[in-house]
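Below you'll find the structure, written out as C-alpha coordinates, and then a few comments.
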Amino acid sequence: MLPRRRRARVGNPGAGPSAVRFPGVAIHLAEPRMGRSRRAFLTRLALSKGFRVLDAYSSEVTHVVMEQMSAEEAVCWQESRAAPAPGGTRPVLLDISWFTESMAAGQPVPVEGRHRLEVTVPRKGLPNPVCMPPYACQRPTPLTHHNTSLSEALEVLAEAAGFEGSEGRLLSFCRAASVLKALPCPVTSLSQLQGLPHFGEHSCRVIQELLEHGVCEEVERVRLSERYQSMKLFTQIFGVGVRTADQWYREGLRTLDDVQEQVQRLTQQQRAALPGPARPRAAARRRGLAAGGGGGRGAGPSWGHCHTGWRLPEGLVLYHRHQHSHSRDPTHLTQQSHTMDTFERSFCIFRLMRRPGAPVGGTQGPCTSWKAVHVDLVVVPISQFPFALLGWTGSKHFERELRRFSRKERGLWLNSHGLFDPEQKTFFPAAAEEDIFRHLGLAYLPPEQRNA
(Lines give C-alpha, C1' and ligand atoms only; values in the text may rest on other atoms or scores of the structure.)
Protein backbone atom coordinates (compact mmCIF):
# COMPACT_ATOMS: atom_id res chain seq x y z
CA MET A 1 0.00 0.00 0.00
CA LEU A 2 1.21 3.45 -0.89
CA PRO A 3 0.98 6.21 1.73
CA ARG A 4 -2.23 8.19 1.43
CA ARG A 5 -0.43 11.36 0.36
CA ARG A 6 1.34 9.60 -2.50
CA ARG A 7 -1.82 7.80 -3.58
CA ALA A 8 -3.53 11.20 -4.02
CA ARG A 9 -0.71 12.44 -6.22
CA VAL A 10 -0.70 9.33 -8.37
CA GLY A 11 -4.46 9.18 -8.71
CA ASN A 12 -4.78 12.73 -9.96
CA PRO A 13 -1.51 13.62 -11.66
CA GLY A 14 -2.96 16.47 -13.73
CA ALA A 15 -3.96 18.55 -10.74
CA GLY A 16 -0.59 19.99 -9.77
CA PRO A 17 -0.35 23.64 -8.70
CA SER A 18 2.54 24.48 -11.09
CA ALA A 19 1.82 27.24 -13.59
CA VAL A 20 1.15 26.00 -17.12
CA ARG A 21 3.69 27.48 -19.51
CA PHE A 22 2.47 25.78 -22.70
CA PRO A 23 -1.37 25.91 -22.70
CA GLY A 24 -1.62 24.73 -26.30
CA VAL A 25 0.07 21.40 -25.53
CA ALA A 26 -1.92 18.82 -23.56
CA ILE A 27 -0.03 15.55 -22.97
CA HIS A 28 -1.55 12.17 -22.16
CA LEU A 29 0.85 9.46 -20.99
CA ALA A 30 -0.52 6.10 -22.15
CA GLU A 31 -0.03 3.49 -19.44
CA PRO A 32 -0.17 0.01 -21.15
CA ARG A 33 3.63 -0.58 -21.34
CA MET A 34 4.75 2.35 -19.20
CA GLY A 35 3.52 1.20 -15.83
CA ARG A 36 1.76 3.19 -13.16
CA SER A 37 4.78 4.17 -11.10
CA ARG A 38 6.83 5.37 -14.06
CA ARG A 39 3.80 7.20 -15.42
CA ALA A 40 3.37 9.03 -12.11
CA PHE A 41 7.06 9.97 -12.07
CA LEU A 42 6.97 11.31 -15.65
CA THR A 43 3.78 13.23 -14.89
CA ARG A 44 5.39 15.00 -11.92
CA LEU A 45 8.45 15.78 -14.05
CA ALA A 46 6.34 17.34 -16.82
CA LEU A 47 4.25 19.35 -14.37
CA SER A 48 7.38 20.72 -12.68
CA LYS A 49 8.52 22.10 -16.05
CA GLY A 50 5.21 23.82 -16.82
CA PHE A 51 3.68 21.21 -19.13
CA ARG A 52 -0.01 20.36 -19.02
CA VAL A 53 -0.66 16.65 -18.42
CA LEU A 54 -4.15 15.13 -18.63
CA ASP A 55 -4.83 11.93 -16.72
CA ALA A 56 -7.72 10.89 -18.99
CA TYR A 57 -7.69 10.64 -22.78
CA SER A 58 -10.13 13.25 -24.14
CA SER A 59 -10.68 15.71 -26.98
CA GLU A 60 -8.39 18.19 -25.17
CA VAL A 61 -5.32 15.95 -25.62
CA THR A 62 -2.91 17.11 -28.33
CA HIS A 63 0.05 14.73 -27.73
CA VAL A 64 -0.17 11.06 -26.69
CA VAL A 65 3.17 9.71 -25.42
CA MET A 66 3.82 5.95 -25.41
CA GLU A 67 6.72 3.72 -24.35
CA GLN A 68 7.76 0.35 -25.79
CA MET A 69 4.81 0.24 -28.18
CA SER A 70 4.89 -0.34 -31.92
CA ALA A 71 3.12 1.91 -34.39
CA GLU A 72 0.49 -0.76 -35.03
CA GLU A 73 -0.19 -1.14 -31.30
CA ALA A 74 -0.38 2.64 -30.88
CA VAL A 75 -2.90 3.00 -33.69
CA CYS A 76 -5.04 0.13 -32.32
CA TRP A 77 -4.95 1.75 -28.88
CA GLN A 78 -6.11 5.09 -30.30
CA GLU A 79 -8.84 3.57 -32.45
CA SER A 80 -10.29 1.87 -29.37
CA ARG A 81 -10.86 5.32 -27.85
CA ALA A 82 -13.74 7.68 -28.70
CA ALA A 83 -13.53 9.28 -32.14
CA PRO A 84 -12.97 13.08 -32.30
CA ALA A 85 -15.92 15.43 -32.79
CA PRO A 86 -16.86 16.35 -36.39
CA GLY A 87 -14.23 18.74 -37.75
CA GLY A 88 -11.82 17.83 -34.94
CA THR A 89 -8.48 16.02 -35.25
CA ARG A 90 -6.96 13.13 -33.34
CA PRO A 91 -3.91 13.85 -31.16
CA VAL A 92 -0.51 12.89 -32.51
CA LEU A 93 0.92 9.54 -31.31
CA LEU A 94 4.51 9.97 -30.11
CA ASP A 95 7.32 7.79 -28.86
CA ILE A 96 8.78 8.51 -25.41
CA SER A 97 11.83 10.06 -27.15
CA TRP A 98 9.81 13.22 -27.90
CA PHE A 99 8.89 13.50 -24.24
CA THR A 100 12.45 13.08 -22.93
CA GLU A 101 13.82 15.58 -25.46
CA SER A 102 11.14 18.08 -24.49
CA MET A 103 11.93 17.67 -20.80
CA ALA A 104 15.63 18.21 -21.48
CA ALA A 105 14.88 21.33 -23.55
CA GLY A 106 12.40 22.69 -21.02
CA GLN A 107 9.84 23.24 -23.77
CA PRO A 108 8.00 21.20 -26.43
CA VAL A 109 10.42 20.28 -29.20
CA PRO A 110 9.17 20.15 -32.83
CA VAL A 111 7.56 16.85 -33.72
CA GLU A 112 9.70 15.04 -36.27
CA GLY A 113 9.11 11.87 -38.23
CA ARG A 114 11.30 9.81 -35.89
CA HIS A 115 9.01 10.76 -32.98
CA ARG A 116 5.76 9.70 -34.62
CA LEU A 117 4.14 6.30 -34.23
CA GLU A 118 2.50 5.89 -37.62
CA VAL A 119 1.57 2.84 -39.64
CA THR A 120 3.04 3.07 -43.14
CA VAL A 121 -0.06 2.14 -45.09
CA PRO A 122 -1.66 4.06 -47.96
CA ARG A 123 -3.77 6.86 -46.56
CA LYS A 124 -6.19 9.25 -48.15
CA GLY A 125 -4.28 12.39 -49.03
CA LEU A 126 -4.43 15.36 -51.31
CA PRO A 127 -4.35 14.62 -55.04
CA ASN A 128 -0.94 14.76 -56.68
CA PRO A 129 -0.41 17.00 -58.49
CA VAL A 130 -2.67 19.31 -56.50
CA CYS A 131 -5.45 20.94 -58.51
CA MET A 132 -7.23 23.58 -56.48
CA PRO A 133 -9.07 26.37 -58.35
CA PRO A 134 -7.97 29.84 -57.19
CA TYR A 135 -11.50 31.27 -56.76
CA ALA A 136 -13.81 30.16 -53.94
CA CYS A 137 -16.76 30.17 -56.36
CA GLN A 138 -15.05 27.44 -58.40
CA ARG A 139 -14.96 24.83 -55.64
CA PRO A 140 -17.56 23.36 -53.25
CA THR A 141 -17.10 24.33 -49.61
CA PRO A 142 -19.26 22.48 -47.06
CA LEU A 143 -20.18 23.90 -43.68
CA THR A 144 -18.46 21.02 -41.85
CA HIS A 145 -14.95 20.29 -43.11
CA HIS A 146 -11.70 18.55 -42.10
CA ASN A 147 -9.51 21.47 -41.03
CA THR A 148 -11.59 23.47 -38.58
CA SER A 149 -8.83 24.35 -36.11
CA LEU A 150 -6.45 25.49 -38.88
CA SER A 151 -9.02 27.61 -40.73
CA GLU A 152 -10.30 29.20 -37.52
CA ALA A 153 -6.77 30.27 -36.60
CA LEU A 154 -6.34 32.04 -39.94
CA GLU A 155 -9.79 33.61 -39.61
CA VAL A 156 -8.81 35.08 -36.23
CA LEU A 157 -5.86 36.81 -37.91
CA ALA A 158 -8.11 37.93 -40.77
CA GLU A 159 -10.65 39.40 -38.36
CA ALA A 160 -7.93 41.19 -36.40
CA ALA A 161 -6.53 42.64 -39.64
CA GLY A 162 -10.01 43.90 -40.51
CA PHE A 163 -10.29 45.59 -37.12
CA GLU A 164 -7.03 47.43 -37.90
CA GLY A 165 -8.16 48.46 -41.39
CA SER A 166 -5.68 46.22 -43.20
CA GLU A 167 -7.79 45.02 -46.13
CA GLY A 168 -4.89 43.28 -47.87
CA ARG A 169 -3.98 41.08 -44.88
CA LEU A 170 -7.67 40.37 -44.24
CA LEU A 171 -8.16 39.06 -47.78
CA SER A 172 -4.94 37.03 -47.71
CA PHE A 173 -5.90 35.15 -44.56
CA CYS A 174 -9.53 34.74 -45.70
CA ARG A 175 -8.45 33.19 -49.00
CA ALA A 176 -6.03 30.79 -47.32
CA ALA A 177 -8.68 29.75 -44.78
CA SER A 178 -11.17 29.23 -47.62
CA VAL A 179 -8.79 26.80 -49.35
CA LEU A 180 -8.43 24.77 -46.14
CA LYS A 181 -12.21 24.46 -45.86
CA ALA A 182 -12.43 23.00 -49.37
CA LEU A 183 -9.78 20.29 -48.92
CA PRO A 184 -11.10 16.70 -48.99
CA CYS A 185 -8.99 15.50 -46.04
CA PRO A 186 -7.18 16.79 -42.94
CA VAL A 187 -3.85 18.57 -43.32
CA THR A 188 -1.23 16.77 -41.24
CA SER A 189 1.94 18.01 -42.93
CA LEU A 190 2.97 21.35 -44.39
CA SER A 191 4.05 19.57 -47.58
CA GLN A 192 0.38 18.95 -48.36
CA LEU A 193 -0.07 22.68 -48.96
CA GLN A 194 2.54 22.83 -51.72
CA GLY A 195 0.99 24.08 -54.95
CA LEU A 196 -2.21 25.32 -53.29
CA PRO A 197 -3.22 28.91 -54.10
CA HIS A 198 -3.21 31.79 -51.60
CA PHE A 199 -0.75 30.25 -49.11
CA GLY A 200 1.94 32.82 -48.52
CA GLU A 201 4.83 32.69 -46.09
CA HIS A 202 2.80 34.07 -43.18
CA SER A 203 -0.11 31.61 -43.52
CA CYS A 204 2.29 28.67 -43.95
CA ARG A 205 4.20 29.69 -40.83
CA VAL A 206 0.97 29.72 -38.80
CA ILE A 207 -0.08 26.29 -40.12
CA GLN A 208 3.35 24.80 -39.45
CA GLU A 209 3.32 26.03 -35.86
CA LEU A 210 -0.16 24.60 -35.33
CA LEU A 211 0.82 21.22 -36.77
CA GLU A 212 3.98 20.98 -34.69
CA HIS A 213 2.84 22.44 -31.38
CA GLY A 214 -0.94 22.37 -31.50
CA VAL A 215 -1.02 26.12 -30.93
CA CYS A 216 0.23 29.26 -32.68
CA GLU A 217 1.69 31.92 -30.41
CA GLU A 218 0.65 34.78 -32.71
CA VAL A 219 -2.96 33.58 -32.93
CA GLU A 220 -3.23 33.11 -29.17
CA ARG A 221 -1.74 36.54 -28.53
CA VAL A 222 -4.33 38.12 -30.82
CA ARG A 223 -7.20 36.04 -29.46
CA LEU A 224 -6.41 37.00 -25.86
CA SER A 225 -5.73 40.68 -26.53
CA GLU A 226 -8.12 43.17 -24.98
CA ARG A 227 -8.64 45.08 -28.23
CA TYR A 228 -9.54 42.00 -30.27
CA GLN A 229 -12.01 40.74 -27.67
CA SER A 230 -13.69 44.14 -27.32
CA MET A 231 -13.86 44.77 -31.07
CA LYS A 232 -15.30 41.32 -31.70
CA LEU A 233 -17.89 41.84 -28.97
CA PHE A 234 -18.97 45.26 -30.25
CA THR A 235 -19.15 44.33 -33.95
CA GLN A 236 -21.51 41.46 -33.15
CA ILE A 237 -24.15 44.02 -32.17
CA PHE A 238 -26.61 44.84 -34.95
CA GLY A 239 -25.89 48.36 -36.19
CA VAL A 240 -22.28 48.49 -34.98
CA GLY A 241 -19.52 48.37 -37.59
CA VAL A 242 -15.75 48.43 -37.27
CA ARG A 243 -15.58 52.24 -37.25
CA THR A 244 -18.08 52.58 -34.38
CA ALA A 245 -16.49 49.72 -32.45
CA ASP A 246 -13.06 51.33 -32.85
CA GLN A 247 -14.41 54.66 -31.60
CA TRP A 248 -15.93 52.99 -28.54
CA TYR A 249 -12.65 51.23 -27.80
CA ARG A 250 -10.63 54.45 -28.13
CA GLU A 251 -13.03 56.08 -25.68
CA GLY A 252 -12.26 53.39 -23.10
CA LEU A 253 -15.29 51.12 -23.54
CA ARG A 254 -14.52 47.43 -23.16
CA THR A 255 -17.71 45.52 -22.30
CA LEU A 256 -21.45 45.64 -23.01
CA ASP A 257 -21.95 47.05 -19.52
CA ASP A 258 -19.68 49.96 -20.46
CA VAL A 259 -21.80 50.59 -23.57
CA GLN A 260 -25.08 50.45 -21.67
CA GLU A 261 -23.86 53.12 -19.29
CA GLN A 262 -23.84 55.52 -22.28
CA VAL A 263 -27.13 54.37 -23.75
CA GLN A 264 -28.10 57.95 -24.67
CA ARG A 265 -25.47 57.88 -27.43
CA LEU A 266 -26.82 54.73 -29.06
CA THR A 267 -29.07 54.56 -32.08
CA GLN A 268 -32.46 52.92 -31.72
CA GLN A 269 -31.31 49.74 -33.46
CA GLN A 270 -28.24 49.50 -31.20
CA ARG A 271 -30.43 49.93 -28.11
CA ALA A 272 -32.76 47.19 -29.34
CA ALA A 273 -29.84 44.84 -30.07
CA LEU A 274 -28.06 45.28 -26.75
CA PRO A 275 -28.91 42.78 -24.00
CA GLY A 276 -30.80 44.18 -21.06
CA PRO A 277 -33.11 43.17 -18.20
CA ALA A 278 -35.75 41.99 -20.67
CA ARG A 279 -33.37 41.15 -23.53
CA PRO A 280 -31.14 38.19 -22.78
CA ARG A 281 -28.43 38.58 -25.41
CA ALA A 282 -27.16 40.81 -28.20
CA ALA A 283 -29.15 40.27 -31.37
CA ALA A 284 -27.67 37.60 -33.61
CA ARG A 285 -27.32 38.47 -37.27
CA ARG A 286 -29.50 36.66 -39.81
CA ARG A 287 -30.28 37.35 -43.45
CA GLY A 288 -33.31 36.29 -45.40
CA LEU A 289 -34.91 36.89 -48.76
CA ALA A 290 -38.56 37.32 -49.63
CA ALA A 291 -40.42 37.84 -52.87
CA GLY A 292 -43.28 39.66 -51.19
CA GLY A 293 -44.23 43.23 -50.42
CA GLY A 294 -45.48 45.37 -47.61
CA GLY A 295 -43.98 46.48 -44.36
CA GLY A 296 -44.49 49.12 -41.75
CA ARG A 297 -42.65 52.42 -41.78
CA GLY A 298 -40.62 54.12 -39.13
CA ALA A 299 -38.25 52.68 -36.55
CA GLY A 300 -38.10 51.76 -32.92
CA PRO A 301 -39.63 49.24 -30.53
CA SER A 302 -42.85 47.79 -31.80
CA TRP A 303 -45.84 46.00 -30.33
CA GLY A 304 -48.56 44.50 -32.50
CA HIS A 305 -47.42 46.08 -35.79
CA CYS A 306 -49.97 46.15 -38.60
CA HIS A 307 -48.45 45.25 -42.00
CA THR A 308 -50.75 45.72 -45.01
CA GLY A 309 -53.65 43.68 -43.77
CA TRP A 310 -51.82 41.26 -41.47
CA ARG A 311 -50.72 41.81 -37.91
CA LEU A 312 -47.52 40.69 -36.19
CA PRO A 313 -48.01 39.03 -32.79
CA GLU A 314 -47.63 41.41 -29.90
CA GLY A 315 -44.07 41.57 -28.60
CA LEU A 316 -42.55 39.81 -31.62
CA VAL A 317 -40.75 42.86 -33.06
CA LEU A 318 -38.17 44.54 -30.85
CA TYR A 319 -37.04 46.88 -33.63
CA HIS A 320 -37.72 47.49 -37.30
CA ARG A 321 -36.80 50.08 -39.90
CA HIS A 322 -38.34 50.15 -43.36
CA GLN A 323 -36.25 51.21 -46.35
CA HIS A 324 -37.82 51.98 -49.72
CA SER A 325 -36.14 50.91 -52.93
CA HIS A 326 -33.82 53.63 -54.25
CA SER A 327 -34.29 52.60 -57.84
CA ARG A 328 -36.36 50.11 -59.78
CA ASP A 329 -33.87 50.20 -62.67
CA PRO A 330 -30.66 48.27 -61.88
CA THR A 331 -28.78 49.62 -64.91
CA HIS A 332 -26.85 52.39 -63.16
CA LEU A 333 -25.87 50.11 -60.27
CA THR A 334 -24.68 47.25 -62.47
CA GLN A 335 -22.75 49.52 -64.80
CA GLN A 336 -20.83 50.91 -61.85
CA SER A 337 -20.23 47.38 -60.43
CA HIS A 338 -21.88 48.23 -57.12
CA THR A 339 -21.98 45.39 -54.60
CA MET A 340 -24.78 46.83 -52.43
CA ASP A 341 -28.32 46.38 -53.64
CA THR A 342 -31.13 48.90 -53.31
CA PHE A 343 -34.09 46.58 -52.77
CA GLU A 344 -36.99 47.54 -50.55
CA ARG A 345 -36.43 45.96 -47.15
CA SER A 346 -37.18 45.98 -43.45
CA PHE A 347 -34.38 45.67 -40.93
CA CYS A 348 -35.87 43.82 -37.97
CA ILE A 349 -34.94 42.40 -34.60
CA PHE A 350 -37.36 39.64 -33.69
CA ARG A 351 -38.11 38.23 -30.27
CA LEU A 352 -38.11 34.48 -30.91
CA MET A 353 -38.92 31.80 -28.35
CA ARG A 354 -36.28 29.18 -27.68
CA ARG A 355 -36.99 25.55 -28.37
CA PRO A 356 -37.41 23.46 -25.20
CA GLY A 357 -34.06 22.08 -24.16
CA ALA A 358 -32.10 24.33 -26.54
CA PRO A 359 -28.72 25.58 -25.19
CA VAL A 360 -28.77 29.11 -23.82
CA GLY A 361 -25.05 29.87 -24.33
CA GLY A 362 -24.07 33.52 -23.90
CA THR A 363 -27.27 34.73 -22.27
CA GLN A 364 -27.39 37.31 -19.55
CA GLY A 365 -30.03 38.00 -17.00
CA PRO A 366 -32.79 35.78 -15.69
CA CYS A 367 -34.92 35.69 -18.87
CA THR A 368 -33.72 32.78 -21.01
CA SER A 369 -36.93 31.61 -22.69
CA TRP A 370 -36.35 33.72 -25.84
CA LYS A 371 -33.60 35.28 -27.93
CA ALA A 372 -33.24 38.40 -30.08
CA VAL A 373 -32.52 37.65 -33.75
CA HIS A 374 -31.67 40.15 -36.50
CA VAL A 375 -33.62 39.43 -39.70
CA ASP A 376 -33.64 41.38 -42.97
CA LEU A 377 -36.86 41.10 -44.98
CA VAL A 378 -36.10 41.94 -48.62
CA VAL A 379 -38.62 42.65 -51.38
CA VAL A 380 -37.32 41.70 -54.84
CA PRO A 381 -38.81 42.20 -58.34
CA ILE A 382 -39.46 38.79 -59.84
CA SER A 383 -37.18 39.55 -62.81
CA GLN A 384 -34.22 40.04 -60.44
CA PHE A 385 -35.05 37.26 -58.00
CA PRO A 386 -32.37 34.72 -59.15
CA PHE A 387 -29.65 37.36 -58.84
CA ALA A 388 -30.89 38.51 -55.43
CA LEU A 389 -31.13 34.92 -54.21
CA LEU A 390 -27.55 34.25 -55.27
CA GLY A 391 -26.36 37.55 -53.79
CA TRP A 392 -27.96 36.80 -50.41
CA THR A 393 -27.04 33.10 -50.22
CA GLY A 394 -23.51 32.14 -49.26
CA SER A 395 -20.69 33.42 -47.09
CA LYS A 396 -19.37 36.95 -47.46
CA HIS A 397 -16.13 35.61 -48.91
CA PHE A 398 -17.96 33.45 -51.45
CA GLU A 399 -19.97 36.43 -52.70
CA ARG A 400 -16.85 38.59 -52.92
CA GLU A 401 -14.99 35.90 -54.89
CA LEU A 402 -17.94 35.38 -57.24
CA ARG A 403 -18.00 39.08 -58.15
CA ARG A 404 -14.20 39.11 -58.50
CA PHE A 405 -14.28 36.09 -60.83
CA SER A 406 -17.04 37.67 -62.90
CA ARG A 407 -15.12 40.91 -63.29
CA LYS A 408 -11.55 39.61 -63.77
CA GLU A 409 -12.12 36.36 -65.65
CA ARG A 410 -15.26 37.14 -67.67
CA GLY A 411 -15.25 40.93 -67.93
CA LEU A 412 -18.81 41.07 -66.54
CA TRP A 413 -20.34 42.98 -63.65
CA LEU A 414 -22.44 41.00 -61.20
CA ASN A 415 -24.49 42.06 -58.20
CA SER A 416 -27.84 41.23 -56.63
CA HIS A 417 -29.71 43.09 -59.40
CA GLY A 418 -28.27 41.43 -62.49
CA LEU A 419 -25.34 40.36 -64.66
CA PHE A 420 -24.17 43.05 -67.07
CA ASP A 421 -21.83 43.03 -70.06
CA PRO A 422 -20.20 46.51 -70.14
CA GLU A 423 -18.97 46.08 -73.73
CA GLN A 424 -22.24 44.90 -75.23
CA LYS A 425 -24.31 47.08 -72.88
CA THR A 426 -26.64 44.16 -72.27
CA PHE A 427 -28.05 42.19 -69.35
CA PHE A 428 -28.01 38.42 -69.16
CA PRO A 429 -31.44 36.87 -68.56
CA ALA A 430 -31.81 34.29 -65.78
CA ALA A 431 -34.80 32.30 -64.58
CA ALA A 432 -32.83 30.50 -61.83
CA GLU A 433 -29.45 30.55 -60.10
CA GLU A 434 -28.22 27.79 -62.40
CA ASP A 435 -28.53 30.17 -65.36
CA ILE A 436 -26.18 32.68 -63.72
CA PHE A 437 -23.52 30.02 -63.10
CA ARG A 438 -23.88 28.89 -66.71
CA HIS A 439 -23.41 32.46 -68.03
CA LEU A 440 -20.19 32.68 -66.00
CA GLY A 441 -18.94 29.28 -67.16
CA LEU A 442 -19.02 27.86 -63.61
CA ALA A 443 -20.31 24.57 -62.28
CA TYR A 444 -23.43 25.14 -60.20
CA LEU A 445 -22.86 25.12 -56.44
CA PRO A 446 -25.95 24.68 -54.25
CA PRO A 447 -26.29 26.99 -51.21
CA GLU A 448 -24.95 24.39 -48.77
CA GLN A 449 -21.65 24.35 -50.72
CA ARG A 450 -21.05 28.12 -50.53
CA ASN A 451 -19.46 28.28 -47.06
CA ALA A 452 -16.10 29.59 -48.29
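The chains in the C-alpha coordinates are called A, B, ... from first to last as shown; in each chain the residues are counted from 1, and the ligands are counted from 1 in the order shown.
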inquiry  = Show me, as a ChimeraX atom specification, the residues that have an atom within 12 Å of range 65-76 of chain A when counting only C-alpha atoms, minus same-chain residues fewer than 3 positions from it.
reply    = /A:26-35,38-39,42-43,46,53-54,57,61-62,79-81,90-100,102,111,114-121
- Task: Determine, counting only C-alpha atoms, which protein, DNA and RNA residues have an atom within 12 Å of an atom of Phe22 in chain A; residues of the same chain fewer than 4 positions away are not included. Present the result as a PyMOL selection string.
- Result: chain A and resi 18+26-27+46-47+49-53+62+102+106-109+213-217+220
CA of Thr141 in chain A to CA of Leu171 in chain A measures 17.3 Å
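Nearest to Glu152 in chain A of all the residues A:Arg223, A:Gly195, A:Arg169, A:Pro110 is A:Arg223, counting only C-alpha atoms.
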Taking only range 94-283 of chain A into account, list the residues labelled alpha helix (DSSP H) by DSSP (computed from the backbone), as a PyMOL selection string.
chain A and resi 96-105+148-163+167-182+201-213+217-224+226-235+242-250+256-260+268-273
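Excluding Gly441 in chain A itself and same-chain residues fewer than 6 positions from it, the residues having an atom within 12 Å of it are Cys137, Gln138, Leu402, Phe405, Ser406, Glu409, Arg410, Leu412, Glu434 and Asp435 of chain A, counting only C-alpha atoms.
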Store the residues picked out above in a file with N, CA and C atoms, as a tab-separated table (two decimals), in the first residue's frame.
chain	number	residue	atom	x	y	z
A	137	CYS	N	-15.53	30.51	-55.64
A	137	CYS	CA	-16.76	30.17	-56.36
A	137	CYS	C	-16.57	29.02	-57.34
A	138	GLN	N	-15.34	28.55	-57.49
A	138	GLN	CA	-15.05	27.44	-58.40
A	138	GLN	C	-14.99	26.09	-57.69
A	402	LEU	N	-17.10	35.53	-56.05
A	402	LEU	CA	-17.94	35.38	-57.24
A	402	LEU	C	-17.94	36.66	-58.07
A	405	PHE	N	-14.42	36.98	-59.68
A	405	PHE	CA	-14.28	36.09	-60.83
A	405	PHE	C	-15.03	36.65	-62.03
A	406	SER	N	-16.25	37.12	-61.81
A	406	SER	CA	-17.04	37.67	-62.90
A	406	SER	C	-16.33	38.84	-63.56
A	409	GLU	N	-12.24	37.47	-64.72
A	409	GLU	CA	-12.12	36.36	-65.65
A	409	GLU	C	-13.11	36.43	-66.81
A	410	ARG	N	-14.24	37.10	-66.62
A	410	ARG	CA	-15.26	37.14	-67.67
A	410	ARG	C	-15.54	38.55	-68.19
A	412	LEU	N	-17.41	40.75	-66.80
A	412	LEU	CA	-18.81	41.07	-66.54
A	412	LEU	C	-18.97	41.64	-65.15
A	434	GLU	N	-29.01	28.60	-61.48
A	434	GLU	CA	-28.22	27.79	-62.40
A	434	GLU	C	-27.88	28.55	-63.68
A	435	ASP	N	-28.79	29.40	-64.15
A	435	ASP	CA	-28.53	30.17	-65.36
A	435	ASP	C	-27.36	31.14	-65.17
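CA of Pro422 in chain A is positioned 12.8 Å from CA of Lys408 in chain A.
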Using only C-alpha atoms, the best pick from A:Leu193, A:Leu318, A:Ala430, A:Val378 as closest to Thr342 in chain A would be A:Val378
